[in-house]
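**Q** My structure file upload.txt, compact mmCIF, C-alpha atoms, is below:
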# COMPACT_ATOMS: atom_id res chain seq x y z
CA MET A 26 -21.81 10.64 3.77
CA SER A 27 -20.27 7.25 3.01
CA GLN A 28 -19.12 5.17 5.95
CA PRO A 29 -15.42 5.10 6.93
CA VAL A 30 -13.61 1.97 5.78
CA PRO A 31 -10.60 0.18 7.32
CA ILE A 32 -7.78 -0.33 4.82
CA LEU A 33 -5.32 -2.82 6.30
CA MET A 34 -1.67 -2.43 5.32
CA TYR A 35 0.47 -5.57 5.31
CA HIS A 36 3.96 -6.14 4.01
CA ALA A 37 5.64 -9.53 4.38
CA VAL A 38 3.92 -12.69 5.60
CA GLY A 39 6.38 -15.30 6.77
CA HIS A 40 7.99 -17.24 9.58
CA ALA A 41 11.47 -15.68 9.41
CA PRO A 42 11.36 -12.30 7.67
CA ALA A 43 14.57 -10.39 6.98
CA ALA A 44 15.63 -7.93 9.66
CA ALA A 45 14.88 -4.97 7.38
CA ILE A 46 11.16 -5.75 7.29
CA ARG A 47 10.63 -7.66 10.53
CA ALA A 48 8.76 -4.77 12.15
CA LEU A 49 6.24 -4.78 9.28
CA SER A 50 5.76 -8.53 8.95
CA VAL A 51 3.19 -10.93 10.32
CA SER A 52 3.39 -14.67 10.76
CA PRO A 53 1.27 -16.92 8.55
CA GLU A 54 -0.63 -18.05 11.65
CA ALA A 55 -1.43 -14.47 12.68
CA PHE A 56 -2.56 -13.59 9.16
CA ALA A 57 -4.82 -16.65 9.01
CA ALA A 58 -6.37 -15.78 12.38
CA GLN A 59 -6.99 -12.20 11.27
CA MET A 60 -8.72 -13.32 8.06
CA ALA A 61 -10.81 -15.79 10.09
CA LEU A 62 -11.92 -12.91 12.33
CA LEU A 63 -12.97 -10.86 9.30
CA ALA A 64 -15.01 -13.78 8.00
CA GLU A 65 -16.61 -14.50 11.38
CA ARG A 66 -17.67 -10.86 11.81
CA GLY A 67 -19.18 -10.56 8.37
CA PHE A 68 -16.64 -8.29 6.69
CA THR A 69 -16.38 -8.31 2.90
CA PRO A 70 -12.94 -7.46 1.49
CA VAL A 71 -12.95 -5.25 -1.61
CA THR A 72 -10.11 -3.98 -3.75
CA THR A 73 -8.78 -0.44 -3.72
CA ALA A 74 -10.22 0.17 -7.18
CA ARG A 75 -13.63 -1.07 -6.02
CA LEU A 76 -13.64 1.28 -3.03
CA ALA A 77 -12.65 4.31 -5.08
CA ALA A 78 -15.25 3.51 -7.74
CA ALA A 79 -17.98 3.31 -5.11
CA TRP A 80 -16.97 6.67 -3.66
CA ARG A 81 -17.12 8.18 -7.14
CA GLY A 82 -20.76 7.19 -7.42
CA GLY A 83 -20.36 3.63 -8.71
CA PRO A 84 -21.89 0.45 -7.32
CA HIS A 85 -22.48 0.57 -3.56
CA LEU A 86 -20.10 -1.13 -1.19
CA PRO A 87 -21.20 -4.17 0.84
CA ASP A 88 -22.43 -3.62 4.40
CA ARG A 89 -19.10 -4.25 6.13
CA PRO A 90 -16.32 -3.45 3.66
CA VAL A 91 -12.64 -3.82 4.45
CA LEU A 92 -9.53 -3.61 2.29
CA ILE A 93 -6.58 -5.99 2.56
CA THR A 94 -3.46 -4.46 1.00
CA PHE A 95 0.14 -5.66 0.69
CA ASP A 96 3.08 -3.40 -0.13
CA ASP A 97 6.29 -4.18 -2.05
CA GLY A 98 5.52 -7.68 -3.37
CA TYR A 99 7.09 -10.18 -0.98
CA ARG A 100 7.02 -13.86 -1.92
CA GLY A 101 5.18 -14.79 1.26
CA VAL A 102 2.08 -13.05 -0.09
CA HIS A 103 1.82 -15.83 -2.66
CA ARG A 104 3.10 -18.67 -0.49
CA HIS A 105 1.25 -17.93 2.76
CA ALA A 106 -1.45 -15.28 2.21
CA LEU A 107 -2.94 -16.42 -1.09
CA PRO A 108 -4.14 -19.84 0.20
CA VAL A 109 -5.90 -18.11 3.10
CA LEU A 110 -7.51 -15.53 0.83
CA ARG A 111 -8.74 -18.36 -1.41
CA ARG A 112 -10.14 -20.24 1.59
CA TYR A 113 -12.47 -17.37 2.43
CA GLY A 114 -13.08 -16.09 -1.09
CA PHE A 115 -11.34 -12.82 -0.21
CA ARG A 116 -9.70 -10.39 -2.59
CA ALA A 117 -6.78 -8.10 -1.86
CA THR A 118 -4.70 -5.38 -3.51
CA VAL A 119 -0.99 -6.16 -3.93
CA PHE A 120 1.12 -3.05 -4.61
CA VAL A 121 4.32 -4.20 -6.32
CA THR A 122 7.71 -2.52 -6.65
CA THR A 123 8.44 -3.63 -10.21
CA GLY A 124 12.23 -3.30 -10.02
CA TRP A 125 12.32 -5.59 -6.98
CA LEU A 126 10.30 -8.45 -8.46
CA ARG A 127 12.26 -11.42 -9.76
CA GLY A 128 12.38 -11.48 -13.53
CA PRO A 129 13.21 -9.37 -16.58
CA TYR A 130 12.54 -5.95 -15.02
CA GLU A 131 14.83 -6.22 -11.98
CA SER A 132 16.62 -2.95 -11.31
CA GLY A 133 19.67 -4.48 -9.67
CA GLY A 134 18.86 -2.85 -6.33
CA ALA A 135 18.89 -4.96 -3.20
CA ALA A 136 15.32 -5.95 -2.30
CA PRO A 137 14.71 -6.31 1.46
CA ASP A 138 13.65 -9.97 1.30
CA ALA A 139 12.56 -12.72 -1.09
CA MET A 140 10.22 -11.18 -3.66
CA LEU A 141 7.48 -12.42 -5.95
CA ASP A 142 8.28 -13.42 -9.49
CA TRP A 143 5.98 -12.54 -12.36
CA ARG A 144 4.46 -16.01 -12.57
CA GLU A 145 3.31 -15.57 -8.97
CA VAL A 146 2.02 -12.08 -9.74
CA ASP A 147 0.06 -13.56 -12.65
CA GLU A 148 -1.48 -16.15 -10.32
CA LEU A 149 -2.46 -13.50 -7.79
CA ALA A 150 -4.12 -11.46 -10.53
CA LEU A 151 -5.93 -14.46 -11.99
CA GLY A 152 -7.32 -15.12 -8.50
CA GLY A 153 -9.17 -11.80 -8.60
CA ASN A 154 -6.63 -9.81 -6.61
CA GLU A 155 -5.83 -6.30 -7.78
CA ILE A 156 -2.21 -5.60 -8.73
CA GLY A 157 -1.29 -1.98 -8.02
CA GLY A 158 1.82 0.12 -8.49
CA HIS A 159 4.40 0.94 -5.82
CA SER A 160 7.09 2.66 -7.96
CA HIS A 161 9.95 0.92 -9.78
CA THR A 162 12.79 1.08 -7.24
CA HIS A 163 11.00 2.22 -4.05
CA PRO A 164 12.55 5.66 -3.46
CA GLN A 165 11.15 8.36 -1.22
CA LEU A 166 9.19 9.99 -4.00
CA ASP A 167 8.81 13.35 -2.30
CA GLN A 168 12.60 13.68 -2.09
CA ILE A 169 13.58 13.13 -5.75
CA PRO A 170 13.54 15.52 -8.74
CA ASP A 171 10.55 15.82 -11.06
CA GLU A 172 12.05 13.80 -13.90
CA ALA A 173 13.05 10.90 -11.67
CA LEU A 174 9.65 10.99 -9.96
CA ALA A 175 7.77 10.78 -13.25
CA ASP A 176 10.00 7.93 -14.43
CA GLU A 177 9.49 5.90 -11.23
CA VAL A 178 5.73 6.15 -11.44
CA ARG A 179 5.27 5.76 -15.19
CA ARG A 180 7.73 2.92 -15.61
CA CYS A 181 6.04 0.97 -12.84
CA ARG A 182 2.62 1.41 -14.44
CA GLN A 183 3.89 0.52 -17.90
CA ILE A 184 5.62 -2.67 -16.75
CA ILE A 185 2.55 -3.92 -14.91
CA GLY A 186 0.34 -3.07 -17.86
CA ASP A 187 2.63 -4.79 -20.35
CA ARG A 188 2.88 -7.91 -18.18
CA LEU A 189 -0.77 -8.29 -17.16
CA GLY A 190 -2.41 -6.81 -20.24
CA ARG A 191 -4.09 -4.07 -18.24
CA ALA A 192 -2.55 -0.99 -16.68
CA PRO A 193 -3.02 -0.71 -12.91
CA GLU A 194 -5.47 1.81 -11.50
CA SER A 195 -4.22 2.02 -7.89
CA PHE A 196 -0.92 3.18 -6.40
CA ALA A 197 0.70 3.07 -2.95
CA TYR A 198 3.32 5.65 -2.02
CA PRO A 199 6.63 4.05 -0.94
CA PHE A 200 7.11 4.61 2.79
CA GLY A 201 3.71 6.34 2.72
CA TYR A 202 5.38 9.64 1.76
CA SER A 203 3.68 12.01 -0.64
CA ASP A 204 3.04 15.68 -1.21
CA ARG A 205 1.07 17.66 -3.78
CA ARG A 206 3.77 17.21 -6.42
CA VAL A 207 3.92 13.44 -5.92
CA ARG A 208 0.14 13.07 -5.99
CA ARG A 209 -0.03 15.09 -9.20
CA SER A 210 2.62 12.90 -10.81
CA VAL A 211 0.74 9.73 -9.83
CA ARG A 212 -2.47 11.13 -11.28
CA ASP A 213 -0.74 12.31 -14.46
CA ALA A 214 0.73 8.82 -14.98
CA GLY A 215 -2.80 7.44 -15.27
CA PHE A 216 -3.52 6.09 -11.81
CA THR A 217 -7.01 6.90 -10.54
CA GLN A 218 -6.46 6.45 -6.79
CA ALA A 219 -3.63 6.04 -4.29
CA VAL A 220 -3.16 4.99 -0.69
CA ALA A 221 -0.91 6.48 1.98
CA VAL A 222 -0.56 5.34 5.61
CA ARG A 223 -1.54 7.87 8.31
CA ASN A 224 -3.02 5.06 10.48
CA ALA A 225 -6.64 6.13 10.28
CA LEU A 226 -9.82 4.92 8.65
CA ALA A 227 -10.35 5.86 5.02
CA ARG A 228 -13.08 8.43 4.34
CA PRO A 229 -14.27 10.10 1.12
CA PRO A 230 -13.13 13.64 2.12
CA GLN A 231 -9.50 12.44 2.10
CA GLY A 232 -9.68 12.39 -1.68
CA PRO A 233 -8.86 9.47 -4.00
CA PHE A 234 -5.11 10.11 -3.89
CA ALA A 235 -4.71 10.25 -0.11
CA LEU A 236 -6.65 7.26 1.22
CA ARG A 237 -5.47 6.35 4.72
CA ARG A 238 -4.52 2.89 5.94
CA LEU A 239 -3.98 1.00 9.19
CA THR A 240 -0.60 -0.66 9.77
CA VAL A 241 -0.74 -4.33 10.81
CA ARG A 242 2.39 -5.39 12.68
CA PRO A 243 3.74 -8.57 14.30
CA GLY A 244 2.62 -7.19 17.66
CA THR A 245 -0.98 -6.56 16.58
CA ARG A 246 -2.94 -8.79 18.97
CA PRO A 247 -6.33 -10.32 18.12
CA GLY A 248 -8.28 -7.92 20.35
CA GLU A 249 -6.48 -4.90 18.93
CA PHE A 250 -7.05 -6.13 15.38
CA ALA A 251 -10.75 -6.56 16.09
CA ARG A 252 -11.01 -3.02 17.45
CA LEU A 253 -9.22 -1.59 14.42
CA VAL A 254 -11.46 -3.18 11.83
CA GLU A 255 -14.49 -2.16 13.88
CA GLY A 256 -13.18 1.41 13.89
CA ARG A 257 -12.76 1.58 17.67
CA ALA A 258 -9.83 3.17 19.54
CA VAL A 259 -7.91 3.81 16.32
CA ALA A 260 -6.43 7.14 17.45
CA ARG A 261 -5.32 5.67 20.78
CA THR A 262 -3.73 2.65 19.13
CA TYR A 263 -1.55 4.77 16.87
CA ALA A 264 -0.97 7.77 19.16
CA VAL A 265 2.81 7.34 19.23
CA ASP A 266 2.99 6.79 15.47
CA ARG A 267 1.09 9.98 14.79
CA THR A 268 3.35 12.06 17.00
CA LEU A 269 6.44 10.72 15.26
CA THR A 270 4.87 11.22 11.83
CA LYS A 271 4.09 14.88 12.50
CA GLY A 272 7.62 15.57 13.66
CA TYR A 273 9.20 13.80 10.73
CA ALA A 274 6.91 15.61 8.28
CA LEU A 275 8.43 18.91 9.41
CA VAL A 276 11.93 17.54 8.83
CA ARG A 277 11.04 16.22 5.39
CA GLY A 278 9.44 19.53 4.42
CA ALA A 279 12.60 21.39 5.42
CA ARG A 280 14.71 19.00 3.35
CA ARG A 281 12.52 19.52 0.29
CA LEU A 282 12.73 23.29 0.66
CA ALA A 283 16.51 23.16 1.03
CA ARG A 284 16.90 21.09 -2.14
CA ARG A 285 14.53 23.34 -4.07
CA THR A 286 16.44 26.41 -2.93
CA ALA A 287 19.76 24.80 -3.87
CA ARG A 288 18.53 23.95 -7.38
CA THR A 289 17.15 27.46 -7.88
CA GLY A 290 20.37 29.02 -6.66
CA ALA A 291 22.43 26.80 -8.94
CA GLY A 292 20.36 27.93 -11.90
CA HIS A 293 21.36 31.56 -11.30
CA ASP A 294 25.11 30.92 -11.08
Can you present the structure in this file as structure tokens?
**A**
Amino acid sequence: MSQPVPILMYHAVGHAPAAAIRALSVSPEAFAAQMALLAERGFTPVTTARLAAAWRGGPHLPDRPVLITFDDGYRGVHRHALPVLRRYGFRATVFVTTGWLRGPYESGGAAPDAMLDWREVDELALGGNEIGGHSHTHPQLDQIPDEALADEVRRCRQIIGDRLGRAPESFAYPFGYSDRRVRRSVRDAGFTQAVAVRNALARPPQGPFALRRLTVRPGTRPGEFARLVEGRAVARTYAVDRTLTKGYALVRGARRLARRTARTGAGHD
């Protein structure tokens, strides 16, 4: 059995993040200290595609693998995180919401904070970082109809492929929400693996479309960060999160059932 692997989930990196994403942001100084800790303890960051390939029987992972992932595509990833990644020779996976990025594919929706532009995405990719998909407009994918779901996932993959010359292999579910229908749509669009949240270590039995991640927050202290990447006290660290997640999952399931019932009923009128 392959070893469990910590997949770190970041969002914005900046000194003054917008209120909407403050709870999921880290300061540049905290990010630099966390990357220094990984280097000091002998961790080797790999991309999401590299991890999934290894667990499918491809080249073996290094002795102490870790994944560094960023969701949404905030500008601070280029401004603050990229120089630190370069300093240590680290690679990361950046999951971008294509309709939020500055440039020709903007959807007109209000992005939560300053976003990357495509020149910056190009530079991240040229630096060896994986660019993954994160939908086009960042909806709750498990709450939208089939046609809209397919469009969100496929359009995102097509835009990235057209821009970078290679279609992305990895996907991250917006808000971490997915169900069997969403996972099937992501697979059918051509992605070969996807990450959720769930605040646990990633393990092969989770399957390639339900890889779990660990949330890094502004309040994640150095000692706690060290324990997480070492795989210690993970359940205790996220005990409250897991309780809330289970409760909300029941609510979301009821909402999906209600919508499905309403559509079916409407079809018989």
**Q** Between A:Arg89, A:Arg111, A:Arg223, A:His105, which one has atoms that come closest to Ala55 in chain A, using only C-alpha atoms?
**A** A:His105
**Q** Using all atoms listed in the file, collect all residues at a distance of at most 12 Å from (2.1, -19.1, 12.9) as written in the file, then present them as JSON, numbers by chain.
**A** {"A": [38, 39, 40, 41, 50, 51, 52, 53, 54, 55, 56, 57, 58, 59, 105, 106, 243]}
**Q** Considering all atoms listed in the file, can you say which of A:Glu249, A:Glu145, A:Asp138, A:Asp96 comes closest to Ile46 in chain A?
**A**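 Result for the nearest residue to Ile46 in chain A: A:Asp138.
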**Q** Point out the residue among A:Pro170, A:Pro70, A:Gly98, A:Gly201 with the least atom-to-atom distance to Arg237 in chain A, counting only C-alpha atoms.
**A**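 Of A:Pro170, A:Pro70, A:Gly98, A:Gly201, the one nearest Arg237 in chain A is A:Gly201, counting only C-alpha atoms.
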**Q** Name all residues at most 8 Å from Leu236 in chain A (count all atoms listed in the file; drop same-chain ones fewer than 5 positions away) and give them as a ChimeraX atom specification.
**A** /A:219-222,227-228,231
**Q** Under the rule that all atoms listed in the file are counted, which of A:Pro199, A:Pro247, A:Gly124, A:Gly83 is the nearest residue to Arg180 in chain A?
**A** A:Gly124
**Q** With a distance cut-off of 12 Å and only C-alpha atoms, select the neighbouring residues of His85 in chain A, excluding the residue or stretch itself and same-chain residues fewer than 4 positions from it, and output the selection as a PyMOL selection string.
**A** chain A and resi 27-28+71+75-81+89-90
**Q** So the first atom is CA of Pro193 in chain A and the second is CA of Arg205 in chain A; what is the distance between them in Å, to one decimal place?
**A** 20.9 Å
**Q** When you count only C-alpha atoms, which of these residues is closest to Ile169 in chain A: A:Ser203, A:Gly134, A:Val241, A:Ala235?
**A**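 Using only C-alpha atoms, Ile169 in chain A sits closest to A:Ser203.
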**Q** Using all atoms listed in the file, which of A:Val109, A:Ala225, A:His159, A:Arg47 sits nearest Leu253 in chain A?
**A**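 Of A:Val109, A:Ala225, A:His159, A:Arg47, the one nearest Leu253 in chain A is A:Ala225, counting all atoms listed in the file.
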**Q** Contacts of Ser132 in chain A at 8 Å or less, counting all atoms listed in the file, minus same-chain residues fewer than 3 places along, as a PDB file with C-alpha atoms, in the coordinates of the input?
**A**
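Okay, this is what ended up in out_26.pdb:
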ATOM      1  CA  GLY A 124      12.230  -3.300 -10.020  1.00  0.00           C
ATOM      2  CA  TRP A 125      12.320  -5.590  -6.980  1.00  0.00           C
ATOM      3  CA  HIS A 161       9.950   0.920  -9.780  1.00  0.00           C
ATOM      4  CA  THR A 162      12.790   1.080  -7.240  1.00  0.00           C
TER       5      THR A 162
END
